[in-house]
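Notes for the one structure printed next.
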Amino acid sequence: SEAPAAADPAAEFVELDAKFQKDSPTAVIKYALERFGSDVAIAFSGAEDVMLLEYARRTKLPYRVFALDTGRLHPETYRFFAAVEKHFDIKIEYCYPESAAVEALVNEKGLFSFYEDGHGECCGVRKVAPLRKKLGTLRAWITGQRKDQSPSTRAEVPKVQLDGGFVGNDGQKVVKFNPVAATTSEDIWFAIRGTGVPYNELHEKGFKSIGCEPCTKPILPSQHEREGRWWWEDATLKECGLHAGNLEK
């Protein structure tokens, strides 16, 4: 007789996502922290995802936070990192690209090659590789992805999923939690102002979506926030590789 088919590990998280639809971001993060403990961490980008830290604080459980320092961030973002550490009394775990890989890329193509041949290679060296290394020490991560951030690539973002792009410390696909997936930018900003958490001062200068300095610009009131990122490229490709699975949908 045929052996029974192996259970689909993704099915559990499809069911869990359905349950999470009625749950608050704090409840989702609490679940992640209780289930994965020190094997889960919040990915902090230096923008509106500061609210993830506030929600984690409310759980009263220990939580870890990491950030990718690409070496090309705005000075305002570095100051914001310091303010966040002080406000939440935490130490952010900074992740850096391999110096040899950066050196090889810049010496071969220069400092601004992404304007000519796309951002994928630079992001791969400065962001994706360090993230892959970090997630290899974890089993799950928590992100600030929202559906309204990019209608072309994030409209279907669930609150929890198996992330096929990365392998954790157990050799399995990492679990990705997106607690604010269904939250709007407006609601996030009501929460930021209402709680008094720090925010990146670039937001006061017309920036909405914040990444590396050469690839981020302020936007006009009528523009979508993602128009301030990689503005020279096709709007359907505006993912840096950290959430590349969004492009496969």
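Simple scheme: letters A, B, ... for chains in structure tokens order, numbers from 1 for residues in each chain, numbers from 1 for ligands in the order shown.
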
So which residues of region 79-164 of chain A fall under alpha helix (DSSP H) by DSSP, listed as a ChimeraX atom specification?
-> /A:79-88,99-109,114-117,120-123,129-135

Neighbour list for region 172-177 of chain A as a VMD selection string, cut-off 12 Å, only C-alpha atoms, skip fewer than 5 positions in-chain | chain A and resid 9 to 10 12 to 14 16 to 17 20 25 to 33 35 to 36 39 to 43 52 131 to 132 134 to 146 157 to 167 242 to 243 245

The distance between CA of Glu108 (chain A) and CA of Ala67 (chain A) is 27.0 Å

Can you check which residues of region 15-210 of chain A DSSP gives as strand (DSSP E) on the backbone and send them as number ranges by chain?
-> A: 40-43, 65-68, 93-95, 140-142, 160-167, 173-177

Among listed residues A:Arg229, A:Lys91, A:Lys86, A:Lys127, nearest Val65 (chain A) (using only C-alpha atoms) = A:Lys91

Could you name the residues that touch Ala129 (chain A) at 12 Å or less, counting only C-alpha atoms, but leaving out those on the same chain fewer than 4 positions away, as a ChimeraX atom specification?
-> /A:68-70,95-99,101-102,120-125,133-136,165-166,240-242

Can I get the selection written as a compact mmCIF listing (two decimals), in the first residue's frame, with N, CA, C and O atoms?
# COMPACT_ATOMS: atom_id res chain seq x y z
N LEU A 68 19.47 45.64 9.57
CA LEU A 68 20.49 45.49 8.53
C LEU A 68 21.13 46.84 8.28
O LEU A 68 20.47 47.77 7.82
N ASP A 69 22.41 46.96 8.60
CA ASP A 69 23.15 48.19 8.30
C ASP A 69 23.91 47.97 7.01
O ASP A 69 24.95 47.33 6.99
N THR A 70 23.39 48.53 5.94
CA THR A 70 23.96 48.31 4.61
C THR A 70 25.21 49.13 4.36
O THR A 70 25.92 48.91 3.39
N CYS A 95 23.36 43.81 11.68
CA CYS A 95 23.89 42.86 10.73
C CYS A 95 24.54 43.62 9.58
O CYS A 95 23.96 44.58 9.05
N TYR A 96 25.73 43.20 9.20
CA TYR A 96 26.51 43.92 8.19
C TYR A 96 26.83 43.03 7.01
O TYR A 96 26.98 41.81 7.15
N PRO A 97 26.97 43.62 5.83
CA PRO A 97 27.39 42.83 4.65
C PRO A 97 28.84 42.40 4.78
O PRO A 97 29.63 43.02 5.52
N GLU A 98 29.20 41.35 4.06
CA GLU A 98 30.59 40.90 4.04
C GLU A 98 31.44 41.94 3.31
O GLU A 98 31.14 42.32 2.17
N SER A 99 32.49 42.40 3.96
CA SER A 99 33.29 43.49 3.39
C SER A 99 33.90 43.10 2.05
O SER A 99 33.98 43.92 1.13
N ALA A 101 32.66 41.14 -0.24
CA ALA A 101 31.65 41.18 -1.29
C ALA A 101 31.35 42.62 -1.70
O ALA A 101 31.19 42.91 -2.89
N VAL A 102 31.26 43.51 -0.71
CA VAL A 102 31.04 44.93 -1.01
C VAL A 102 32.22 45.49 -1.80
O VAL A 102 32.05 46.19 -2.80
N GLY A 120 19.04 44.98 -7.83
CA GLY A 120 19.10 43.62 -7.31
C GLY A 120 20.45 43.16 -6.82
O GLY A 120 20.57 42.55 -5.75
N GLU A 121 21.51 43.47 -7.57
CA GLU A 121 22.84 42.98 -7.18
C GLU A 121 23.32 43.65 -5.90
O GLU A 121 23.84 42.99 -4.99
N CYS A 122 23.17 44.97 -5.81
CA CYS A 122 23.63 45.69 -4.62
C CYS A 122 22.83 45.26 -3.39
O CYS A 122 23.39 44.99 -2.33
N CYS A 123 21.50 45.16 -3.55
CA CYS A 123 20.67 44.70 -2.44
C CYS A 123 21.03 43.27 -2.04
O CYS A 123 20.99 42.92 -0.86
N GLY A 124 21.39 42.48 -3.02
CA GLY A 124 21.78 41.10 -2.72
C GLY A 124 22.99 41.04 -1.81
O GLY A 124 23.04 40.23 -0.88
N VAL A 125 23.97 41.90 -2.08
CA VAL A 125 25.20 41.93 -1.28
C VAL A 125 24.97 42.60 0.07
O VAL A 125 25.40 42.09 1.11
N LYS A 133 22.13 35.18 6.49
CA LYS A 133 23.02 34.74 7.57
C LYS A 133 22.31 34.85 8.93
O LYS A 133 22.39 33.94 9.76
N LYS A 134 21.61 35.96 9.13
CA LYS A 134 20.92 36.17 10.41
C LYS A 134 19.79 35.17 10.60
O LYS A 134 19.65 34.55 11.67
N LEU A 135 18.97 34.99 9.56
CA LEU A 135 17.85 34.07 9.69
C LEU A 135 18.31 32.63 9.86
O LEU A 135 17.58 31.80 10.40
N GLY A 136 19.53 32.34 9.42
CA GLY A 136 20.09 31.01 9.62
C GLY A 136 20.33 30.69 11.08
O GLY A 136 20.57 29.53 11.43
N GLY A 165 12.12 31.63 1.08
CA GLY A 165 13.38 32.22 0.64
C GLY A 165 14.54 32.01 1.60
O GLY A 165 15.69 32.23 1.22
N PHE A 166 14.23 31.55 2.82
CA PHE A 166 15.29 31.46 3.83
C PHE A 166 15.13 30.20 4.68
O PHE A 166 14.02 29.75 4.94
N CYS A 240 13.39 44.49 -2.53
CA CYS A 240 14.84 44.45 -2.48
C CYS A 240 15.41 43.04 -2.40
O CYS A 240 16.60 42.83 -2.49
N GLY A 241 14.53 42.05 -2.19
CA GLY A 241 14.99 40.69 -2.05
C GLY A 241 14.71 40.12 -0.67
O GLY A 241 14.66 38.91 -0.48
N LEU A 242 14.49 41.00 0.30
CA LEU A 242 14.15 40.52 1.65
C LEU A 242 12.80 39.84 1.63
O LEU A 242 12.56 38.89 2.36

Rounded to one decimal place, report the CA of Ala82 (chain A)-CA of Ala181 (chain A) distance in Å.
-> 26.1 Å

Hey, can you check how far CA of Glu233 (chain A) sits from CA of Asn178 (chain A)?
->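 Separating CA of Glu233 (chain A) from CA of Asn178 (chain A) is a distance of 25.8 Å.
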
Considering only C-alpha atoms, return as number ranges by chain whatever protein or nucleic-acid residues lie within 9 Å of Glu48 (chain A), sequence-local ones (same chain, fewer than 6 positions apart) excluded.
-> A: 144, 185, 188-189, 192, 199-200, 208-210

Using only N, CA and C atoms, please write the residues we just selected to a file, as a PDB file, in the first residue's frame.
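That gives us selection.pdb:
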ATOM      1  N   GLY A 144       7.536  44.273   9.346  1.00  0.00           N
ATOM      2  CA  GLY A 144       6.561  45.354   9.312  1.00  0.00           C
ATOM      3  C   GLY A 144       5.859  45.477   7.982  1.00  0.00           C
ATOM      4  N   SER A 185      -1.225  52.679   6.636  1.00  0.00           N
ATOM      5  CA  SER A 185      -0.218  53.673   7.010  1.00  0.00           C
ATOM      6  C   SER A 185      -0.822  54.717   7.939  1.00  0.00           C
ATOM      7  N   ILE A 188      -1.060  53.305  11.400  1.00  0.00           N
ATOM      8  CA  ILE A 188       0.273  53.222  12.002  1.00  0.00           C
ATOM      9  C   ILE A 188       0.681  54.590  12.546  1.00  0.00           C
ATOM     10  N   TRP A 189       0.429  55.628  11.770  1.00  0.00           N
ATOM     11  CA  TRP A 189       0.826  56.966  12.213  1.00  0.00           C
ATOM     12  C   TRP A 189      -0.030  57.493  13.357  1.00  0.00           C
ATOM     13  N   ILE A 192       1.739  55.814  16.206  1.00  0.00           N
ATOM     14  CA  ILE A 192       3.041  56.417  16.519  1.00  0.00           C
ATOM     15  C   ILE A 192       2.856  57.712  17.299  1.00  0.00           C
ATOM     16  N   TYR A 199      10.330  58.372  16.027  1.00  0.00           N
ATOM     17  CA  TYR A 199      10.189  58.071  14.607  1.00  0.00           C
ATOM     18  C   TYR A 199      11.339  58.708  13.849  1.00  0.00           C
ATOM     19  N   ASN A 200      11.585  58.206  12.661  1.00  0.00           N
ATOM     20  CA  ASN A 200      12.695  58.685  11.844  1.00  0.00           C
ATOM     21  C   ASN A 200      12.401  60.108  11.377  1.00  0.00           C
ATOM     22  N   LYS A 208       8.450  58.696   2.981  1.00  0.00           N
ATOM     23  CA  LYS A 208       7.497  57.753   3.572  1.00  0.00           C
ATOM     24  C   LYS A 208       8.108  56.365   3.680  1.00  0.00           C
ATOM     25  N   SER A 209       8.553  55.801   2.556  1.00  0.00           N
ATOM     26  CA  SER A 209       9.238  54.513   2.546  1.00  0.00           C
ATOM     27  C   SER A 209      10.739  54.796   2.587  1.00  0.00           C
ATOM     28  N   ILE A 210      11.408  54.271   3.611  1.00  0.00           N
ATOM     29  CA  ILE A 210      12.811  54.644   3.834  1.00  0.00           C
ATOM     30  C   ILE A 210      13.720  53.427   3.694  1.00  0.00           C
TER      31      ILE A 210
END

So which residues touch Leu111 (chain A) within 12 Å, counting only C-alpha atoms, skipping near sequence neighbours fewer than 3 positions away, as number ranges by chain?
-> A: 71-72, 102-108, 114-116, 119, 122, 214
